[in-house]
$ cat coords_12.csv   # CSV, C-alpha atoms and all ligand atoms
chain,number,residue,atom,x,y,z
A,201,MET,CA,21.5,5.8,3.4
A,202,LYS,CA,19.8,3.5,5.9
A,203,VAL,CA,16.1,2.9,5.6
A,204,LEU,CA,13.9,1.0,8.0
A,205,VAL,CA,10.7,-0.4,6.4
A,206,THR,CA,7.8,-1.7,8.3
A,207,GLY,CA,5.3,-3.9,6.4
A,208,SER,CA,8.2,-5.1,4.3
A,209,SER,CA,6.3,-8.4,3.4
A,210,GLY,CA,3.2,-6.7,2.2
A,211,LEU,CA,2.0,-5.7,-1.3
A,212,LEU,CA,4.0,-2.4,-1.1
A,213,GLY,CA,6.9,-3.7,0.9
A,214,SER,CA,7.5,-6.6,-1.4
A,215,LYS,CA,8.3,-4.2,-4.3
A,216,LEU,CA,10.0,-1.6,-2.1
A,217,LEU,CA,12.7,-3.9,-0.8
A,218,PRO,CA,14.3,-4.8,-4.1
A,219,ILE,CA,14.1,-1.1,-5.3
A,220,LEU,CA,15.8,0.2,-2.1
A,221,SER,CA,18.4,-2.6,-2.2
A,222,SER,CA,19.2,-1.9,-5.9
A,223,ARG,CA,20.1,1.6,-4.9
A,224,GLY,CA,22.8,0.2,-2.7
A,225,TRP,CA,21.1,1.4,0.5
A,226,SER,CA,21.1,-0.5,3.7
A,227,VAL,CA,17.6,-1.6,4.6
A,228,VAL,CA,16.1,-2.9,7.8
A,229,ALA,CA,13.0,-4.9,6.8
A,230,VAL,CA,10.5,-5.4,9.6
A,231,TYR,CA,8.0,-8.2,9.0
A,232,ASN,CA,5.6,-10.2,11.2
A,233,ARG,CA,4.2,-13.5,9.8
A,234,HIS,CA,5.7,-13.6,6.3
A,235,GLU,CA,9.5,-13.4,5.9
A,236,PRO,CA,10.6,-11.4,2.9
A,237,PRO,CA,13.2,-13.0,0.5
A,238,GLY,CA,16.9,-12.4,1.3
A,239,LEU,CA,18.4,-9.5,-0.7
A,240,SER,CA,21.8,-7.8,-0.6
A,241,GLY,CA,22.0,-5.1,2.0
A,242,VAL,CA,18.7,-6.1,3.6
A,243,LYS,CA,18.5,-7.1,7.2
A,244,ARG,CA,15.3,-8.8,8.1
A,245,VAL,CA,13.8,-8.4,11.5
A,246,ARG,CA,10.8,-10.3,12.7
A,247,LEU,CA,8.8,-8.1,15.0
A,248,ASP,CA,5.1,-7.7,16.0
A,249,ILE,CA,4.7,-4.0,16.0
A,250,THR,CA,2.1,-4.1,18.7
A,251,ASP,CA,5.2,-4.8,20.9
A,252,THR,CA,5.8,-1.1,20.9
A,253,LEU,CA,8.8,-1.3,23.3
A,254,ARG,CA,10.7,-3.6,21.0
A,255,LEU,CA,9.6,-1.5,18.0
A,256,GLU,CA,11.0,1.7,19.5
A,257,ASP,CA,14.1,-0.1,20.7
A,258,LEU,CA,14.8,-1.4,17.2
A,259,ILE,CA,14.5,2.1,15.7
A,260,LEU,CA,16.7,3.6,18.4
A,261,LYS,CA,19.4,0.9,17.9
A,262,GLU,CA,19.3,1.0,14.1
A,263,GLU,CA,19.2,4.8,13.8
A,264,PRO,CA,17.9,4.9,10.2
A,265,ASP,CA,18.0,8.0,8.1
A,266,ALA,CA,14.5,7.4,6.9
A,267,ILE,CA,11.6,5.2,8.0
A,268,VAL,CA,8.8,3.9,5.7
A,269,HIS,CA,5.9,2.9,8.0
A,270,ALA,CA,3.8,0.7,5.7
A,271,ALA,CA,2.7,-1.9,8.2
A,272,ALA,CA,-1.0,-1.9,9.0
A,273,TYR,CA,-3.9,-4.1,9.8
A,274,THR,CA,-5.4,-3.7,6.3
A,275,ASP,CA,-8.3,-6.1,6.6
A,276,VAL,CA,-11.2,-3.6,6.4
A,277,ASP,CA,-13.9,-6.0,7.8
A,278,GLY,CA,-11.4,-7.4,10.3
A,279,CYS,CA,-10.7,-3.8,11.6
A,280,GLU,CA,-14.4,-3.3,12.1
A,281,VAL,CA,-14.7,-6.4,14.3
A,282,ASN,CA,-11.3,-6.5,16.0
A,283,ARG,CA,-11.2,-2.8,17.0
A,284,ASP,CA,-8.7,-3.1,19.9
A,285,TYR,CA,-6.2,-4.9,17.7
A,286,ALA,CA,-6.8,-2.5,14.8
A,287,TRP,CA,-6.1,0.4,17.1
A,288,ARG,CA,-2.9,-1.2,18.5
A,289,VAL,CA,-1.5,-1.9,15.0
A,290,ASN,CA,-2.6,1.2,13.1
A,291,VAL,CA,-2.5,3.8,15.9
A,292,ASP,CA,-0.4,2.8,18.9
A,293,ALA,CA,2.5,1.4,16.7
A,294,THR,CA,2.4,4.6,14.5
A,295,ARG,CA,2.8,6.7,17.7
A,296,SER,CA,5.8,4.6,18.7
A,297,VAL,CA,7.4,4.9,15.2
A,298,MET,CA,6.9,8.7,15.3
A,299,ARG,CA,8.4,9.0,18.8
A,300,ALA,CA,11.5,6.9,17.9
A,301,ALA,CA,11.8,8.7,14.5
A,302,ARG,CA,12.0,12.0,16.4
A,303,VAL,CA,14.8,10.8,18.7
A,304,VAL,CA,17.0,9.5,15.9
A,305,ASN,CA,16.0,12.4,13.6
A,306,ALA,CA,14.7,10.2,10.8
A,307,TYR,CA,12.5,11.3,7.9
A,308,LEU,CA,9.2,9.4,8.3
A,309,ILE,CA,7.0,8.4,5.4
A,310,TYR,CA,3.6,7.2,6.7
A,311,VAL,CA,1.6,5.2,4.2
A,312,SER,CA,-2.0,6.0,4.4
A,313,THR,CA,-5.2,5.3,2.4
A,314,ASP,CA,-8.0,6.7,0.2
A,315,TYR,CA,-10.3,5.2,2.9
A,316,VAL,CA,-9.8,8.2,5.1
A,317,PHE,CA,-12.4,9.8,2.7
A,318,ASP,CA,-16.2,9.1,2.7
A,319,GLY,CA,-16.3,8.6,-1.1
A,320,GLU,CA,-19.1,11.0,-1.7
A,321,LYS,CA,-17.0,13.2,-4.0
A,322,GLY,CA,-14.2,11.3,-5.6
A,323,LEU,CA,-10.8,12.5,-7.1
A,324,TYR,CA,-9.8,13.8,-3.6
A,325,LYS,CA,-7.1,16.3,-3.3
A,326,GLU,CA,-4.6,16.5,-0.3
A,327,THR,CA,-6.6,19.6,0.9
A,328,ASP,CA,-10.0,17.8,1.0
A,329,THR,CA,-11.3,17.0,4.5
A,330,PRO,CA,-11.2,13.3,5.5
A,331,ASN,CA,-14.3,11.7,6.9
A,332,PRO,CA,-13.8,8.0,7.3
A,333,ILE,CA,-16.9,5.7,7.2
A,334,ASN,CA,-15.3,2.6,8.6
A,335,TYR,CA,-13.0,1.8,11.5
A,336,TYR,CA,-10.0,0.9,9.3
A,337,GLY,CA,-10.2,4.4,7.7
A,338,LEU,CA,-10.6,6.0,11.1
A,339,THR,CA,-7.5,4.3,12.6
A,340,LYS,CA,-5.4,5.2,9.5
A,341,LEU,CA,-6.6,8.9,9.9
A,342,VAL,CA,-5.6,8.9,13.6
A,343,GLY,CA,-2.2,7.6,12.5
A,344,GLU,CA,-1.9,10.5,10.0
A,345,GLU,CA,-2.8,13.0,12.7
A,346,ILE,CA,-0.2,11.6,15.0
A,347,VAL,CA,2.5,12.1,12.4
A,348,LYS,CA,1.2,15.5,11.2
A,349,SER,CA,0.9,16.9,14.7
A,350,SER,CA,4.5,16.0,15.5
A,351,ASP,CA,7.6,18.2,14.9
A,352,ILE,CA,9.5,15.6,12.8
A,353,LEU,CA,10.3,15.6,9.1
A,354,TYR,CA,7.5,13.6,7.6
A,355,ALA,CA,5.4,12.8,4.6
A,356,VAL,CA,2.0,11.1,4.5
A,357,VAL,CA,1.5,9.2,1.3
A,358,ARG,CA,-2.1,8.3,0.5
A,359,THR,CA,-2.7,5.6,-2.0
A,360,SER,CA,-5.6,3.4,-3.2
A,361,ALA,CA,-6.3,-0.2,-4.2
A,362,ILE,CA,-2.7,-1.4,-4.4
A,363,TYR,CA,-2.1,-4.2,-6.8
A,364,GLY,CA,1.0,-6.3,-7.3
A,365,VAL,CA,2.7,-9.6,-6.4
A,366,ALA,CA,3.5,-9.9,-2.7
A,367,GLY,CA,6.1,-12.2,-1.4
A,368,GLY,CA,4.0,-13.0,1.7
A,369,GLY,CA,0.6,-14.4,2.1
A,370,LYS,CA,-1.6,-11.7,0.6
A,371,ARG,CA,-2.9,-12.2,-2.9
A,372,GLY,CA,-5.2,-9.2,-3.3
A,373,PHE,CA,-7.9,-8.8,-5.9
A,374,ALA,CA,-5.7,-8.4,-8.9
A,375,VAL,CA,-3.8,-11.6,-8.4
A,376,TYR,CA,-7.0,-13.5,-7.7
A,377,ALA,CA,-8.6,-12.0,-10.8
A,378,LEU,CA,-5.6,-12.8,-13.0
A,379,GLU,CA,-5.4,-16.4,-11.8
A,380,ARG,CA,-9.1,-16.9,-12.6
A,381,LEU,CA,-8.9,-15.2,-16.0
A,382,LEU,CA,-5.9,-17.3,-17.0
A,383,GLU,CA,-7.9,-20.4,-16.0
A,384,GLY,CA,-10.8,-19.1,-18.2
A,385,ARG,CA,-13.0,-18.6,-15.1
A,386,GLU,CA,-15.4,-15.8,-14.3
A,387,VAL,CA,-14.5,-12.9,-12.1
A,388,TYR,CA,-17.1,-10.6,-10.5
A,389,ALA,CA,-16.1,-7.0,-10.1
A,390,LEU,CA,-17.9,-4.0,-8.8
A,391,VAL,CA,-19.4,-1.5,-11.3
A,392,ASP,CA,-20.3,1.0,-8.7
A,393,GLN,CA,-17.2,1.3,-6.6
A,394,TYR,CA,-14.5,3.7,-7.9
A,395,VAL,CA,-10.9,3.7,-6.8
A,396,SER,CA,-7.5,4.6,-8.2
A,397,PRO,CA,-5.8,1.2,-8.6
A,398,THR,CA,-2.1,1.6,-7.9
A,399,TYR,CA,0.6,-0.6,-9.3
A,400,ASN,CA,3.0,-1.4,-6.3
A,401,GLY,CA,6.0,-0.6,-8.5
A,402,LEU,CA,4.8,3.0,-9.1
A,403,LEU,CA,4.2,3.5,-5.4
A,404,ALA,CA,7.6,2.0,-4.5
A,405,GLU,CA,9.5,4.1,-7.0
A,406,ALA,CA,7.8,7.2,-5.7
A,407,ILE,CA,8.6,6.4,-2.1
A,408,ALA,CA,12.3,5.7,-3.1
A,409,GLU,CA,12.4,9.1,-4.7
A,410,MET,CA,10.9,10.7,-1.6
A,411,ILE,CA,13.5,9.1,0.7
A,412,GLU,CA,16.1,11.2,-1.1
A,413,ALA,CA,14.1,14.3,-2.0
A,414,ARG,CA,12.3,14.5,1.4
A,415,PRO,CA,9.1,16.4,0.4
A,416,MET,CA,6.9,17.4,3.4
A,417,GLY,CA,3.2,17.1,4.0
A,418,VAL,CA,0.5,14.9,2.3
A,419,LEU,CA,0.9,13.4,-1.2
A,420,HIS,CA,-1.5,11.3,-3.2
A,421,VAL,CA,0.3,8.7,-5.2
A,422,ALA,CA,-2.0,6.5,-7.1
A,423,GLY,CA,-3.1,5.3,-10.6
A,424,PRO,CA,-6.1,6.6,-12.6
A,425,ARG,CA,-9.7,6.6,-11.4
A,426,MET,CA,-11.8,3.7,-12.5
A,427,SER,CA,-14.4,1.2,-11.2
A,428,ARG,CA,-13.2,-2.1,-10.0
A,429,TYR,CA,-15.1,-3.6,-13.0
A,430,GLU,CA,-13.2,-1.4,-15.4
A,431,PHE,CA,-10.0,-2.4,-13.8
A,432,ALA,CA,-10.8,-6.2,-14.1
A,433,ALA,CA,-11.9,-5.7,-17.7
A,434,ALA,CA,-8.6,-3.9,-18.5
A,435,LEU,CA,-6.7,-6.7,-16.9
A,436,ALA,CA,-8.6,-9.3,-19.0
A,437,ARG,CA,-7.7,-7.4,-22.2
A,438,ALA,CA,-4.0,-7.1,-21.1
A,439,VAL,CA,-3.7,-10.8,-20.6
A,440,GLY,CA,-5.6,-11.7,-23.7
A,441,ALA,CA,-8.6,-13.2,-21.9
A,442,PRO,CA,-12.2,-12.7,-23.0
A,443,VAL,CA,-13.6,-9.6,-21.4
A,444,GLU,CA,-16.9,-11.4,-21.0
A,445,LEU,CA,-15.3,-13.4,-18.2
A,446,VAL,CA,-15.6,-10.2,-16.1
A,447,LYS,CA,-19.1,-10.1,-14.7
A,448,PRO,CA,-20.7,-7.0,-13.1
A,449,ALA,CA,-21.4,-6.9,-9.4
A,450,ARG,CA,-22.8,-4.1,-7.2
A,451,MET,CA,-21.7,-3.0,-3.7
A,452,SER,CA,-25.2,-3.9,-2.4
A,453,ASP,CA,-24.4,-7.5,-3.4
A,454,MET,CA,-21.4,-7.7,-1.0
A,455,LYS,CA,-21.7,-9.3,2.4
A,456,TRP,CA,-19.3,-6.7,3.9
A,457,VAL,CA,-19.2,-6.0,7.6
A,458,ALA,CA,-17.7,-2.5,7.2
A,459,ARG,CA,-19.1,0.2,4.9
A,460,ARG,CA,-16.9,1.2,1.9
A,461,PRO,CA,-16.6,4.6,0.2
A,462,ARG,CA,-18.4,4.7,-3.2
A,463,ASP,CA,-15.7,6.8,-4.9
A,464,SER,CA,-12.4,7.2,-3.0
A,465,SER,CA,-10.3,7.9,-6.1
A,466,LEU,CA,-7.4,10.3,-5.6
A,467,ASP,CA,-6.2,13.4,-7.4
A,468,THR,CA,-2.5,13.0,-7.9
A,469,THR,CA,-1.6,16.4,-9.4
A,470,ARG,CA,0.5,17.5,-6.4
A,471,ALA,CA,2.7,14.3,-6.4
A,472,ARG,CA,3.1,14.5,-10.2
A,473,ARG,CA,4.3,18.1,-9.8
A,474,LEU,CA,6.7,17.4,-6.9
A,475,LEU,CA,8.2,14.0,-8.0
A,476,ASP,CA,10.2,13.0,-11.1
A,477,THR,CA,8.8,9.4,-10.8
A,478,ARG,CA,6.9,8.4,-13.9
A,479,PHE,CA,3.2,7.8,-13.2
A,480,TYR,CA,2.8,4.9,-15.6
A,481,SER,CA,-0.2,4.5,-17.8
A,482,LEU,CA,-2.7,1.8,-17.0
A,483,ASP,CA,-1.5,-0.3,-19.9
A,484,ASP,CA,2.1,0.0,-18.8
A,485,SER,CA,1.2,-0.7,-15.1
A,486,LEU,CA,-0.8,-3.8,-16.1
A,487,ARG,CA,2.0,-5.1,-18.3
A,488,MET,CA,4.5,-4.7,-15.5
A,489,PHE,CA,2.2,-6.3,-13.0
A,490,ILE,CA,1.6,-9.3,-15.3
A,491,GLU,CA,5.3,-9.7,-15.9
A,492,ASP,CA,5.9,-9.7,-12.1
A,493,PHE,CA,3.2,-12.3,-11.8
A,494,MET,CA,4.7,-14.5,-14.5
A,495,LYS,CA,8.2,-14.1,-13.0
A,496,ALA,CA,6.9,-15.2,-9.6
A,497,ARG,CA,5.3,-18.2,-11.3
A,498,GLY,CA,8.6,-19.0,-13.0
A,499,VAL,CA,7.1,-18.2,-16.5
A,500,GLY,CA,9.4,-15.9,-18.5
A,501,GLY,CA,8.7,-13.8,-21.6
A,502,ALA,CA,7.4,-10.3,-22.2
A,503,VAL,CA,3.7,-9.5,-22.1
A,504,GLN,CA,1.9,-7.9,-25.0
A,505,VAL,CA,-0.7,-5.3,-24.1
B,601,LIG,N1,-3.6,-2.7,-0.1
B,601,LIG,C1,-4.3,-1.6,-0.4
B,601,LIG,O1,-5.1,-1.6,-1.4
B,601,LIG,C2,-4.0,-0.3,0.2
B,601,LIG,C3,-4.7,0.9,-0.2
B,601,LIG,C4,-4.5,2.1,0.4
B,601,LIG,C5,-3.5,2.2,1.4
B,601,LIG,N2,-2.9,1.1,1.8
B,601,LIG,C6,-1.9,1.3,2.9
B,601,LIG,O2,-0.6,0.9,2.3
B,601,LIG,C7,0.2,0.3,3.3
B,601,LIG,C8,0.8,-1.0,2.8
B,601,LIG,O3,-0.3,-1.8,2.5
B,601,LIG,P1,-0.1,-3.3,1.9
B,601,LIG,O4,-1.2,-3.5,0.9
B,601,LIG,O5,1.3,-3.4,1.4
B,601,LIG,O6,-0.5,-4.1,3.1
B,601,LIG,P2,-0.6,-5.7,3.2
B,601,LIG,O7,-0.2,-6.4,1.9
B,601,LIG,O8,-1.9,-6.0,3.8
B,601,LIG,O9,0.6,-6.1,4.2
B,601,LIG,C9,0.5,-5.6,5.6
B,601,LIG,C10,1.9,-5.5,6.1
B,601,LIG,O10,1.8,-5.1,7.4
B,601,LIG,C11,2.5,-6.0,8.3
B,601,LIG,N3,1.9,-6.1,9.6
B,601,LIG,C12,0.6,-6.2,9.8
B,601,LIG,N4,0.4,-6.4,11.1
B,601,LIG,C13,1.6,-6.4,11.7
B,601,LIG,C14,2.1,-6.5,13.0
B,601,LIG,N5,1.2,-6.7,14.1
B,601,LIG,N6,3.4,-6.4,13.2
B,601,LIG,C15,4.3,-6.3,12.2
B,601,LIG,N7,3.9,-6.1,10.9
B,601,LIG,C16,2.6,-6.2,10.7
B,601,LIG,C17,2.4,-7.4,7.5
B,601,LIG,O11,3.4,-8.3,8.0
B,601,LIG,P3,3.3,-9.9,7.8
B,601,LIG,O12,2.6,-10.1,6.5
B,601,LIG,O13,4.7,-10.3,7.8
B,601,LIG,O14,2.5,-10.4,8.9
B,601,LIG,C18,2.6,-6.9,6.1
B,601,LIG,O15,4.0,-6.7,5.8
B,601,LIG,C19,-0.6,0.2,4.6
B,601,LIG,O16,-0.3,1.2,5.5
B,601,LIG,C20,-2.1,0.3,4.1
B,601,LIG,O17,-2.9,0.9,5.1
B,601,LIG,C21,-3.1,-0.1,1.3

$ encode --input "coords_12.csv" --output "structure tokens"
Amino acid sequence: MKVLVTGSSGLLGSKLLPILSSRGWSVVAVYNRHEPPGLSGVKRVRLDITDTLRLEDLILKEEPDAIVHAAAYTDVDGCEVNRDYAWRVNVDATRSVMRAARVVNAYLIYVSTDYVFDGEKGLYKETDTPNPINYYGLTKLVGEEIVKSSDILYAVVRTSAIYGVAGGGKRGFAVYALERLLEGREVYALVDQYVSPTYNGLLAEAIAEMIEARPMGVLHVAGPRMSRYEFAAALARAVGAPVELVKPARMSDMKWVARRPRDSSLDTTRARRLLDTRFYSLDDSLRMFIEDFMKARGVGGAVQV
């Protein structure tokens, strides 16, 4: 099995590469600014995916059996301001990936987002109608449509608020919060924004299973619904820090450029039915995340939850 992964240095890609490599598969890992660590069977290719000619050329030359298209411009406020660039990364590059996947007959997994929804309802099912309220969500939805309206074998995996340790530059809210909690410092977290925080290990395991099982259509793979505050409080408990360090904040306090959905949590019933992958409990996910964090820091030992 040969798998080409875009976004291999991101929050998802950093966990996906070791899982795919441990299955003995051959992996082509596309990155841009942050080189992923060397792993057996993994060929790293530096490529800015806005160079769509090189992107298509790479896929045509490598002829992968499956492609995980996880690269995206994920900075929600950045997308609102740098619209041309957001379109080129999230839309134009997706069209190129789809075109080349069709030529080499690869199964394409397009990783999408809960931000395709407006957040007025929450616990969205795959059959609910998207209605993005920011430019990031719009570009990701157009990417979905490009894949869905093609005649290739595809799956769209929507996920939410990914947390984990990334090899590259991105820290994400969970790592930021964990660092501060371990230093005994306060963390502000939103009481009025609901998401489905997703451990990158769960998402990576599900995608690895999908590469073999090849389900078609849209799947929601995510953790349980909770506010960002509830997530940060659970993280504090998991790491043995005082929960009082987690301070409530509200969406109206944020100096965001782009609007955010109020409740973009995802219903994962379909994915749980179709996949064997274990959807870990919050406690198990947090324990594994903290272990990943400690390992990356060079601190060993199991974590008690
Ligand atoms: N993070 C979340 O909470 C979240 C929630 C829902 C859905 N998603 C979706 O899940 C997928 C994975 O997200 P993530 O959190 O892993 O993303 P991330 O940590 O922000 O990483 C983005 C990845 O995309 C790559 N990338 C960005 N621009 C590129 C370009 N011009 N050329 C080549 N590569 C480029 C980055 O490469 P370099 O770092 O090497 O530059 C990096 O590997 C994305 O499709 C995202 O839309 C994410």

$ residues_around --input "coords_12.csv" --residues "Val357 (chain A)" --least-positions-apart "2" --cutoff "8 Å" --atoms "all atoms listed in the file" --output "list in words"
Ile309, Tyr310, Val311, Ser312, Thr313, Ala355, Thr359, Val418, Leu419, His420 and Val421 of chain A

$ residues_near_ligand --input "coords_12.csv" --ligand "ligand LIG 601 (chain B)" --cutoff "6 Å" --atoms "all atoms listed in the file" --output "PyMOL selection string"
chain A and resi 207-213+231-234+247-250+270-274+289+311-314+359-362+368+370

$ write_last_selection --input "coords_12.csv" --atoms "C-alpha atoms" --output "PDB file, in the coordinates of the input"
ATOM      1  CA  GLY A 207       5.300  -3.900   6.400  1.00  0.00           C
ATOM      2  CA  SER A 208       8.200  -5.100   4.300  1.00  0.00           C
ATOM      3  CA  SER A 209       6.300  -8.400   3.400  1.00  0.00           C
ATOM      4  CA  GLY A 210       3.200  -6.700   2.200  1.00  0.00           C
ATOM      5  CA  LEU A 211       2.000  -5.700  -1.300  1.00  0.00           C
ATOM      6  CA  LEU A 212       4.000  -2.400  -1.100  1.00  0.00           C
ATOM      7  CA  GLY A 213       6.900  -3.700   0.900  1.00  0.00           C
ATOM      8  CA  TYR A 231       8.000  -8.200   9.000  1.00  0.00           C
ATOM      9  CA  ASN A 232       5.600 -10.200  11.200  1.00  0.00           C
ATOM     10  CA  ARG A 233       4.200 -13.500   9.800  1.00  0.00           C
ATOM     11  CA  HIS A 234       5.700 -13.600   6.300  1.00  0.00           C
ATOM     12  CA  LEU A 247       8.800  -8.100  15.000  1.00  0.00           C
ATOM     13  CA  ASP A 248       5.100  -7.700  16.000  1.00  0.00           C
ATOM     14  CA  ILE A 249       4.700  -4.000  16.000  1.00  0.00           C
ATOM     15  CA  THR A 250       2.100  -4.100  18.700  1.00  0.00           C
ATOM     16  CA  ALA A 270       3.800   0.700   5.700  1.00  0.00           C
ATOM     17  CA  ALA A 271       2.700  -1.900   8.200  1.00  0.00           C
ATOM     18  CA  ALA A 272      -1.000  -1.900   9.000  1.00  0.00           C
ATOM     19  CA  TYR A 273      -3.900  -4.100   9.800  1.00  0.00           C
ATOM     20  CA  THR A 274      -5.400  -3.700   6.300  1.00  0.00           C
ATOM     21  CA  VAL A 289      -1.500  -1.900  15.000  1.00  0.00           C
ATOM     22  CA  VAL A 311       1.600   5.200   4.200  1.00  0.00           C
ATOM     23  CA  SER A 312      -2.000   6.000   4.400  1.00  0.00           C
ATOM     24  CA  THR A 313      -5.200   5.300   2.400  1.00  0.00           C
ATOM     25  CA  ASP A 314      -8.000   6.700   0.200  1.00  0.00           C
ATOM     26  CA  THR A 359      -2.700   5.600  -2.000  1.00  0.00           C
ATOM     27  CA  SER A 360      -5.600   3.400  -3.200  1.00  0.00           C
ATOM     28  CA  ALA A 361      -6.300  -0.200  -4.200  1.00  0.00           C
ATOM     29  CA  ILE A 362      -2.700  -1.400  -4.400  1.00  0.00           C
ATOM     30  CA  GLY A 368       4.000 -13.000   1.700  1.00  0.00           C
ATOM     31  CA  LYS A 370      -1.600 -11.700   0.600  1.00  0.00           C
TER      32      LYS A 370
END

$ closest_residue --input "coords_12.csv" --among "A:Pro442, A:Pro415, A:Pro448, A:Pro330" --to "Leu475 (chain A)" --atoms "all atoms listed in the file"
A:Pro415

$ residues_near_point --input "coords_12.csv" --point "(-14.1, 8.2, -7.7)" --cutoff "9 Å" --atoms "only C-alpha atoms" --output "VMD selection string"
chain A and resid 319 to 324 393 to 396 425 to 427 462 to 466

$ atom_distance --input "coords_12.csv" --atom1 "CA of Gly238 (chain A)" --atom2 "CA of Lys340 (chain A)"
29.6 Å

$ atom_distance --input "coords_12.csv" --atom1 "CA of Phe489 (chain A)" --atom2 "CA of Ala406 (chain A)"
16.3 Å

$ atom_distance --input "coords_12.csv" --atom1 "CA of Leu308 (chain A)" --atom2 "CA of Pro218 (chain A)"
19.5 Å

$ residues_near_point --input "coords_12.csv" --point "(-16.7, -10.3, -19.6)" --cutoff "10 Å" --atoms "only C-alpha atoms" --output "PDB file with C-alpha atoms, in the frame of the given file"
ATOM      1  CA  LEU A 381      -8.900 -15.200 -16.000  1.00  0.00           C
ATOM      2  CA  GLU A 386     -15.400 -15.800 -14.300  1.00  0.00           C
ATOM      3  CA  VAL A 387     -14.500 -12.900 -12.100  1.00  0.00           C
ATOM      4  CA  TYR A 388     -17.100 -10.600 -10.500  1.00  0.00           C
ATOM      5  CA  TYR A 429     -15.100  -3.600 -13.000  1.00  0.00           C
ATOM      6  CA  ALA A 432     -10.800  -6.200 -14.100  1.00  0.00           C
ATOM      7  CA  ALA A 433     -11.900  -5.700 -17.700  1.00  0.00           C
ATOM      8  CA  ALA A 436      -8.600  -9.300 -19.000  1.00  0.00           C
ATOM      9  CA  ARG A 437      -7.700  -7.400 -22.200  1.00  0.00           C
ATOM     10  CA  ALA A 441      -8.600 -13.200 -21.900  1.00  0.00           C
ATOM     11  CA  PRO A 442     -12.200 -12.700 -23.000  1.00  0.00           C
ATOM     12  CA  VAL A 443     -13.600  -9.600 -21.400  1.00  0.00           C
ATOM     13  CA  GLU A 444     -16.900 -11.400 -21.000  1.00  0.00           C
ATOM     14  CA  LEU A 445     -15.300 -13.400 -18.200  1.00  0.00           C
ATOM     15  CA  VAL A 446     -15.600 -10.200 -16.100  1.00  0.00           C
ATOM     16  CA  LYS A 447     -19.100 -10.100 -14.700  1.00  0.00           C
ATOM     17  CA  PRO A 448     -20.700  -7.000 -13.100  1.00  0.00           C
TER      18      PRO A 448
END

$ residues_around --input "coords_12.csv" --residues "Tyr363 (chain A)" --least-positions-apart "2" --cutoff "8 Å" --atoms "only C-alpha atoms" --output "ChimeraX atom specification"
/A:211,361,365,372-375,397-400,489

$ closest_residue --input "coords_12.csv" --among "A:Ala496, A:Met410, A:Ile490, A:Val303" --to "Ala471 (chain A)" --atoms "all atoms listed in the file"
A:Met410

$ closest_residue --input "coords_12.csv" --among "A:Ala438, A:Gly423, A:Arg450, A:Asp484" --to "Thr469 (chain A)" --atoms "all atoms listed in the file"
A:Gly423

$ closest_residue --input "coords_12.csv" --among "A:Gly401, A:Ser452, A:Leu338, A:Arg358" --to "Glu326 (chain A)" --atoms "all atoms listed in the file"
A:Arg358

$ residues_around --input "coords_12.csv" --residues "Met298 (chain A)" --least-positions-apart "6" --cutoff "10 Å" --atoms "all atoms listed in the file" --output "ChimeraX atom specification"
/A:256,267,269,305-310,343,346-348,350-354

$ closest_residue --input "coords_12.csv" --among "A:Leu253, A:Leu435, A:Ala422, A:Val227" --to "Arg472 (chain A)" --atoms "only C-alpha atoms"
A:Ala422
